[in-house]
Amino acid sequence: MSHLRFSVVIPTRNGAASLPALLDSIWSQRTTGSLEIIAIDSGSSDDTLDVLARKAANVIEIPLAAFDHGGTRNLAIAKSRGEFIVSLVQDARLADENCLEALARPFATDPKLAGTFARQVTRPDASALTRHYHKRWSASAKEGRRADLEDGEDGLQRMSPAERLALCTFDNVASCIRRSVWDAHPFKTTPIAEDVEWAKEVLLRGYSIAFVPEAVVEHSHERSAAYEYARTRLLHARLYDLFELQTIPSLPALALAIAASTAKHMAVEWRQPARWPRAAALAVAWPLGQYIGAGRARRGDARPRTREGRV
């Protein structure tokens, strides 16, 4: 074991409101070795840099236009020194003081293990709709699992697109990867889904990945429908490229998905009339983003970035 056990990498931008809680939760961790924090900031205009300076983080600054989910993380990791690389997002919070050790523990007994990722729980102020969808996300499960791919590319091709995605599910909201694996297999340059793309690559190289529910992070969003549409469109274009996944393949399927989502969203949020407009907008934004994103990828169209340059 290296004396520096963990290098915690956090991409930041205008995260002054959430970063103090995250940084406090990191420094409160009980670990068998020391840790460092490497923050990489892409043009914050709030007090993010001041917050990072007060919490003793090592900070790399890049322009917003240079941000890339894979390449930006690689740049920060290249400056780090720890045995294990922990990726976190700026609006997460480690739920207890043993989270990092829980993420690292499986590596001790599994030399084929390339990476682990944590269980996510919603923030206390999460809406009913957010909680509803969070329960369906595989990173919210309470049972651990390990993924590997014994038959390589042939085995992957025998799976359905949804099965391929399920196998390669990995989440950099809170993850831990073995440095030696990253040295050989860094993240790919990509505007989104760098985590599942990395998981696919290492699984094809004979490694395994594991979901560790004992490691818990608090993380959820209440983002606008416009933001969610842009992000979903970009994500599903990438998921088509990686797995040939097309969840909504036709206009009739899109109409049915919007109708079903609208009914579901209104039922979930019926106690909160003030949230009905956003719930209705999301019932359109999410299916439409899936349909347009995968459709463009299937046709080979270029995928635009979001207006802010990142998602």
# chains A, B, ... in the order shown; residues from 1 in each chain; ligands from 1
call {"tool": "select_by_dssp", "arguments": {"residues": "range 158-258 of chain A", "states": "helix (DSSP H, G or I)", "output": "JSON, numbers by chain"}}
result
{"A": [161, 162, 163, 164, 165, 166, 167, 179, 180, 181, 182, 183, 184, 194, 195, 196, 197, 198, 199, 200, 201, 202, 203, 204, 225, 226, 227, 228, 229, 230, 231, 232, 233, 234, 235, 236, 237, 238, 239, 240, 241, 242, 243, 251, 252, 253, 254, 255, 256, 257, 258]}
call {"tool": "residues_around", "arguments": {"residues": "range 280-284 of chain A", "least_positions_apart": "6", "cutoff": "12 Å", "atoms": "only C-alpha atoms", "output": "number ranges by chain"}}
result
A: 129-130, 133, 222-230, 232, 254-270, 273-274, 290-292
call {"tool": "write_last_selection", "arguments": {"atoms": "C-alpha atoms", "output": "mmCIF file, in the first residue's frame"}}
result
data_model
loop_
_atom_site.group_PDB
_atom_site.id
_atom_site.type_symbol
_atom_site.label_atom_id
_atom_site.label_comp_id
_atom_site.auth_asym_id
_atom_site.auth_seq_id
_atom_site.Cartn_x
_atom_site.Cartn_y
_atom_site.Cartn_z
ATOM 1 C CA LEU A 129 -40.588 12.761 -8.872
ATOM 2 C CA THR A 130 -36.854 12.673 -8.224
ATOM 3 C CA TYR A 133 -36.937 7.786 -10.618
ATOM 4 C CA GLU A 222 -33.891 19.260 -9.458
ATOM 5 C CA ARG A 223 -32.835 20.573 -12.860
ATOM 6 C CA SER A 224 -34.932 22.362 -15.456
ATOM 7 C CA ALA A 225 -36.700 20.515 -18.250
ATOM 8 C CA ALA A 226 -34.592 22.372 -20.833
ATOM 9 C CA TYR A 227 -31.386 21.186 -19.178
ATOM 10 C CA GLU A 228 -32.679 17.634 -18.860
ATOM 11 C CA TYR A 229 -33.685 17.560 -22.520
ATOM 12 C CA ALA A 230 -30.214 18.685 -23.650
ATOM 13 C CA THR A 232 -30.740 13.308 -22.285
ATOM 14 C CA LEU A 254 -42.498 8.675 -28.633
ATOM 15 C CA ALA A 255 -46.163 9.682 -28.412
ATOM 16 C CA LEU A 256 -46.929 6.708 -26.177
ATOM 17 C CA ALA A 257 -43.908 7.443 -23.974
ATOM 18 C CA ILE A 258 -44.910 11.085 -23.509
ATOM 19 C CA ALA A 259 -48.496 10.129 -22.671
ATOM 20 C CA ALA A 260 -47.410 7.468 -20.186
ATOM 21 C CA SER A 261 -44.810 9.761 -18.611
ATOM 22 C CA THR A 262 -47.311 12.583 -18.246
ATOM 23 C CA ALA A 263 -49.789 10.339 -16.449
ATOM 24 C CA LYS A 264 -47.067 8.924 -14.209
ATOM 25 C CA HIS A 265 -45.592 12.330 -13.346
ATOM 26 C CA MET A 266 -48.962 13.805 -12.443
ATOM 27 C CA ALA A 267 -49.736 10.800 -10.262
ATOM 28 C CA VAL A 268 -46.406 11.070 -8.456
ATOM 29 C CA GLU A 269 -46.620 14.830 -7.881
ATOM 30 C CA TRP A 270 -50.384 15.168 -7.348
ATOM 31 C CA PRO A 273 -49.568 21.491 -7.622
ATOM 32 C CA ALA A 274 -46.665 23.957 -7.768
ATOM 33 C CA GLN A 290 -34.043 9.857 -25.917
ATOM 34 C CA TYR A 291 -35.754 9.761 -29.306
ATOM 35 C CA ILE A 292 -33.773 12.591 -30.910
#
call {"tool": "closest_atom_pairs", "arguments": {"of": "range 191-274 of chain A", "to": "range 99-111 of chain A", "cutoff": "12 Å", "atoms": "only C-alpha atoms", "output": "CSV"}}
result
residue,atom,partner,partner_atom,distance
A:Gly206,CA,A:Pro111,CA,11.1
A:Tyr207,CA,A:Pro111,CA,8.7
A:Ser208,CA,A:Asp110,CA,8.9
A:Ile209,CA,A:Pro106,CA,10.0
A:Ala210,CA,A:Pro106,CA,8.2
A:Phe211,CA,A:Leu103,CA,8.8
A:Val212,CA,A:Leu103,CA,6.4
A:Pro213,CA,A:Ala102,CA,8.7
A:Glu214,CA,A:Ala102,CA,6.2
A:Ala215,CA,A:Cys99,CA,4.6
A:Val216,CA,A:Cys99,CA,6.3
A:Val217,CA,A:Cys99,CA,7.9
A:Glu218,CA,A:Cys99,CA,11.3
call {"tool": "write_last_selection", "arguments": {"atoms": "C-alpha atoms", "output": "mmCIF file, in the first residue's frame"}}
result
data_model
loop_
_atom_site.group_PDB
_atom_site.id
_atom_site.type_symbol
_atom_site.label_atom_id
_atom_site.label_comp_id
_atom_site.auth_asym_id
_atom_site.auth_seq_id
_atom_site.Cartn_x
_atom_site.Cartn_y
_atom_site.Cartn_z
ATOM 1 C CA GLY A 206 -10.697 -8.961 -18.844
ATOM 2 C CA TYR A 207 -11.158 -6.815 -15.729
ATOM 3 C CA SER A 208 -14.245 -6.631 -13.535
ATOM 4 C CA ILE A 209 -16.166 -3.779 -11.903
ATOM 5 C CA ALA A 210 -18.231 -3.817 -8.718
ATOM 6 C CA PHE A 211 -21.132 -1.917 -7.207
ATOM 7 C CA VAL A 212 -20.509 -1.385 -3.483
ATOM 8 C CA PRO A 213 -23.711 -0.411 -1.624
ATOM 9 C CA GLU A 214 -21.841 -0.096 1.687
ATOM 10 C CA ALA A 215 -20.293 3.090 0.266
ATOM 11 C CA VAL A 216 -23.077 5.683 0.252
ATOM 12 C CA VAL A 217 -23.219 9.185 -1.214
ATOM 13 C CA GLU A 218 -26.008 11.725 -1.131
#
call {"tool": "closest_residue", "arguments": {"among": "A:Ala193, A:Val173, A:Ala253, A:Ala199", "to": "His236 in chain A", "atoms": "only C-alpha atoms"}}
result
A:Ala193
call {"tool": "closest_residue", "arguments": {"among": "A:Ala285, A:Lys188, A:Ala114, A:Leu242", "to": "Val202 in chain A", "atoms": "only C-alpha atoms"}}
result
A:Ala114
call {"tool": "residues_around", "arguments": {"residues": "Ile37 in chain A", "least_positions_apart": "4", "cutoff": "6 Å", "atoms": "only C-alpha atoms", "output": "ChimeraX atom specification"}}
result
/A:7-8,57
call {"tool": "write_last_selection", "arguments": {"atoms": "N, CA and C atoms", "output": "compact mmCIF listing (two decimals), in the first residue's frame"}}
result
# COMPACT_ATOMS: atom_id res chain seq x y z
N SER A 7 -6.44 9.51 -4.09
CA SER A 7 -6.45 10.79 -4.79
C SER A 7 -7.89 11.05 -5.20
N VAL A 8 -8.50 12.08 -4.63
CA VAL A 8 -9.90 12.40 -4.90
C VAL A 8 -9.95 13.49 -5.96
N ALA A 57 -7.59 22.23 -1.17
CA ALA A 57 -7.58 21.41 -2.38
C ALA A 57 -6.50 21.92 -3.33
call {"tool": "residues_around", "arguments": {"residues": "Arg164 in chain A", "least_positions_apart": "5", "cutoff": "9 Å", "atoms": "only C-alpha atoms", "output": "number ranges by chain"}}
result
A: 156-157, 159, 169, 200, 242-243, 245
call {"tool": "select_by_dssp", "arguments": {"residues": "range 37-285 of chain A", "states": "strand (DSSP E)", "output": "count of residues only"}}
result
46
call {"tool": "residues_around", "arguments": {"residues": "Ala39 in chain A", "least_positions_apart": "4", "cutoff": "7 Å", "atoms": "only C-alpha atoms", "output": "PyMOL selection string"}}
result
chain A and resi 9-12+57-60
call {"tool": "closest_residue", "arguments": {"among": "A:Arg93, A:Arg13, A:His132, A:Arg81", "to": "Leu35 in chain A", "atoms": "only C-alpha atoms"}}
result
A:Arg81
